[in-house]
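As structure tokens, the structure follows; a few thoughts come after it.
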Amino acid sequence: MSGHSKWSTIKRKKGLADAKRGAAFTKLSREIVIAAREGGGDPEMNFRLRLAIDKAKTGNMPKDNIERSIKRGTGDNKDGVVFDEVTYEGYAPKGVAVILECLTENKNRTVAEIRHGLDKAGGSLGENGSVMWQFDRITFFNFSEEKMDFDSAFELAIEAGADDVTQDGDMIEIIAPVNSFKDISEALSVANVQPDDAGLRMEPKQEMGLDVDDTLQVLRVVENLEELDDVQNVYHNMTISDEAMAALEAA
């Protein structure tokens, strides 16, 4: 399982997502707004909207919130706020490459907050393309083996177009090309498997390893960046070792 998936899993286990549910709902709502604005309000015809709604439901976002966000995106509910998508690239401490996907109504504020967050931690903001070449965009599905055993998940996923299936502890992860998301999602639905997490992410082509203390330092920076209102996702190319995982779970 990738470093990004491990980090997300730990946050769910520790309840951090619930503790910051208001902020999480804001980010989920923005993603729905953008998806509906770009591709319309029908999730059956709009892959990105379907993905955003599924993610919102997984995050226990109320149905009314989802519907309001769709209407904002389609223009049926105008509030005067227009969000733009923007991606920033740079380096966290220890030379770890980071990509930050943002939705913002004020790009100047967003880039200033990100630059400040990286600079004070000993990192730096880079130019477009400075680290993007180190990542591939993929689709993923995470669920526990209680919902489906590894062998069954492997067979289902490969038949639906996946590239790989891995298991870390009791969590299974399916990795696939972006264009296989719909087929795998439908196959899991037929098998009555509701993923704990699913979506698109940037996957590093090669991960870099650090010792436990340095890993924890970088992850604190990643978490601080994730907490910025305009930041939707933060991706990095750092391996999270079993020792670092244990330290995170014990913290």
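Chain labels follow the order of the structure tokens: the first chain is A, the next B, and so on; residue numbering restarts at 1 in every chain, and ligands are counted from 1 in their shown order.
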
Problem set entry | Test item: residues at most 10 Å from region 171-174 of chain A, only C-alpha atoms, excluding those fewer than 3 positions along its chain, as a PyMOL selection string | chain A and resi 1-2+5-6+9+139-150+153-154+156-158+162-168+184+195-198

For this session: Report as a PyMOL selection string: the residues of region 58-230 of chain A with a DSSP assignment of strand (DSSP E or B), based on the backbone of this structure.
Result: chain A and resi 84-91+97-104+124-126+135-144+164-168+171-176+197-204+208

Problem set entry | Residue contacts of Gln134 (chain A) (9 Å, only C-alpha atoms) excluding same-chain residues fewer than 2 positions away, as a count of residues only | 10

For this session: Can you check which residues of region 18-150 of chain A DSSP gives as helix (DSSP H, G or I) on the backbone and send them as an MDAnalysis selection string?
Result: chainID A and resid 18:19 21:39 47:58 63:74 93:95 107:120 132:134 150

Please produce a file of the residues just selected, as a PDB file, in the first residue's frame, where the atoms kept are C-alpha atoms.
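again-v6.pdb, written as the output of this step:
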ATOM      1  CA  ASP A  18     -14.149  12.762  12.367  1.00  0.00           C
ATOM      2  CA  ALA A  19     -12.494  15.387  14.536  1.00  0.00           C
ATOM      3  CA  ARG A  21     -15.408  16.698   9.788  1.00  0.00           C
ATOM      4  CA  GLY A  22     -16.467  20.302   9.127  1.00  0.00           C
ATOM      5  CA  ALA A  23     -13.280  20.991   7.200  1.00  0.00           C
ATOM      6  CA  ALA A  24     -13.606  17.662   5.415  1.00  0.00           C
ATOM      7  CA  PHE A  25     -17.153  18.485   4.313  1.00  0.00           C
ATOM      8  CA  THR A  26     -15.925  21.820   2.923  1.00  0.00           C
ATOM      9  CA  LYS A  27     -13.327  20.074   0.782  1.00  0.00           C
ATOM     10  CA  LEU A  28     -15.789  17.417  -0.373  1.00  0.00           C
ATOM     11  CA  SER A  29     -18.354  20.077  -1.251  1.00  0.00           C
ATOM     12  CA  ARG A  30     -15.859  22.042  -3.339  1.00  0.00           C
ATOM     13  CA  GLU A  31     -14.943  18.950  -5.314  1.00  0.00           C
ATOM     14  CA  ILE A  32     -18.623  18.260  -6.072  1.00  0.00           C
ATOM     15  CA  VAL A  33     -19.152  21.880  -7.122  1.00  0.00           C
ATOM     16  CA  ILE A  34     -16.239  21.792  -9.564  1.00  0.00           C
ATOM     17  CA  ALA A  35     -17.229  18.391 -10.971  1.00  0.00           C
ATOM     18  CA  ALA A  36     -20.832  19.493 -11.561  1.00  0.00           C
ATOM     19  CA  ARG A  37     -19.704  22.789 -13.074  1.00  0.00           C
ATOM     20  CA  GLU A  38     -17.378  21.082 -15.528  1.00  0.00           C
ATOM     21  CA  GLY A  39     -19.472  18.062 -16.530  1.00  0.00           C
ATOM     22  CA  PHE A  47     -17.478  10.376 -14.087  1.00  0.00           C
ATOM     23  CA  ARG A  48     -15.805  12.982 -11.914  1.00  0.00           C
ATOM     24  CA  LEU A  49     -19.067  13.925 -10.205  1.00  0.00           C
ATOM     25  CA  ARG A  50     -19.864  10.277  -9.523  1.00  0.00           C
ATOM     26  CA  LEU A  51     -16.436   9.897  -7.954  1.00  0.00           C
ATOM     27  CA  ALA A  52     -16.900  13.027  -5.825  1.00  0.00           C
ATOM     28  CA  ILE A  53     -20.339  11.905  -4.628  1.00  0.00           C
ATOM     29  CA  ASP A  54     -19.054   8.433  -3.743  1.00  0.00           C
ATOM     30  CA  LYS A  55     -16.234  10.001  -1.754  1.00  0.00           C
ATOM     31  CA  ALA A  56     -18.676  12.333   0.014  1.00  0.00           C
ATOM     32  CA  LYS A  57     -20.921   9.417   0.953  1.00  0.00           C
ATOM     33  CA  THR A  58     -17.923   7.472   2.260  1.00  0.00           C
ATOM     34  CA  LYS A  63     -27.453  13.959   1.300  1.00  0.00           C
ATOM     35  CA  ASP A  64     -28.752  17.545   1.502  1.00  0.00           C
ATOM     36  CA  ASN A  65     -25.190  18.883   1.478  1.00  0.00           C
ATOM     37  CA  ILE A  66     -24.377  16.808  -1.587  1.00  0.00           C
ATOM     38  CA  GLU A  67     -27.468  18.013  -3.455  1.00  0.00           C
ATOM     39  CA  ARG A  68     -26.765  21.670  -2.586  1.00  0.00           C
ATOM     40  CA  SER A  69     -23.214  21.312  -3.838  1.00  0.00           C
ATOM     41  CA  ILE A  70     -24.399  19.839  -7.130  1.00  0.00           C
ATOM     42  CA  LYS A  71     -26.845  22.737  -7.590  1.00  0.00           C
ATOM     43  CA  ARG A  72     -24.109  25.249  -6.886  1.00  0.00           C
ATOM     44  CA  GLY A  73     -21.993  23.630  -9.555  1.00  0.00           C
ATOM     45  CA  THR A  74     -24.726  23.545 -12.183  1.00  0.00           C
ATOM     46  CA  PRO A  93      11.962  18.729   4.153  1.00  0.00           C
ATOM     47  CA  LYS A  94      14.593  16.080   3.296  1.00  0.00           C
ATOM     48  CA  GLY A  95      13.969  16.566  -0.429  1.00  0.00           C
ATOM     49  CA  LYS A 107      -5.057  31.956  -5.915  1.00  0.00           C
ATOM     50  CA  ASN A 108      -2.805  34.612  -4.396  1.00  0.00           C
ATOM     51  CA  ARG A 109      -3.873  33.629  -0.886  1.00  0.00           C
ATOM     52  CA  THR A 110      -3.501  29.923  -1.628  1.00  0.00           C
ATOM     53  CA  VAL A 111       0.002  30.100  -3.057  1.00  0.00           C
ATOM     54  CA  ALA A 112       1.122  32.381  -0.221  1.00  0.00           C
ATOM     55  CA  GLU A 113      -0.153  29.937   2.414  1.00  0.00           C
ATOM     56  CA  ILE A 114       1.480  26.962   0.697  1.00  0.00           C
ATOM     57  CA  ARG A 115       4.789  28.770   0.214  1.00  0.00           C
ATOM     58  CA  HIS A 116       4.780  29.820   3.869  1.00  0.00           C
ATOM     59  CA  GLY A 117       3.988  26.280   5.031  1.00  0.00           C
ATOM     60  CA  LEU A 118       6.842  24.798   2.995  1.00  0.00           C
ATOM     61  CA  ASP A 119       9.391  27.536   3.690  1.00  0.00           C
ATOM     62  CA  LYS A 120       8.999  27.481   7.474  1.00  0.00           C
ATOM     63  CA  MET A 132       5.126  16.172 -11.604  1.00  0.00           C
ATOM     64  CA  TRP A 133       7.297  13.951 -13.801  1.00  0.00           C
ATOM     65  CA  GLN A 134       7.993  11.773 -10.773  1.00  0.00           C
ATOM     66  CA  PHE A 150      -7.479 -11.176  -1.233  1.00  0.00           C
TER      67      PHE A 150
END

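The smallest atom-to-atom distance between Ser180 (chain A) and any of A:Asp84, A:Asp242, A:Asp151, A:Glu159, using only C-alpha atoms, is found for A:Glu159.
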
Exercise. A:Asp183, A:Ala176, A:Arg201, A:Phe135: which is nearest Gln232 (chain A), counting only C-alpha atoms?
Worked result: A:Arg201

Problem set entry | Test item: residues at most 7 Å from Leu100 (chain A), only C-alpha atoms, excluding those fewer than 4 positions along its chain, as a ChimeraX atom specification | /A:87-89,231,233-235

Keeping only C-alpha atoms, write the selected residues as a CSV table (one decimal), in the first residue's frame.
chain,number,residue,atom,x,y,z
A,87,THR,CA,-2.0,22.4,-8.7
A,88,TYR,CA,1.3,23.3,-7.0
A,89,GLU,CA,4.5,21.4,-6.8
A,231,VAL,CA,-5.8,22.3,-0.3
A,233,ASN,CA,-5.0,16.6,-1.7
A,234,VAL,CA,-1.3,16.4,-0.9
A,235,TYR,CA,0.8,13.6,-2.5

For this session: To one decimal in Å, tell me the separation between CA of Leu225 (chain A) and CA of Ala246 (chain A).
Result: 22.4 Å
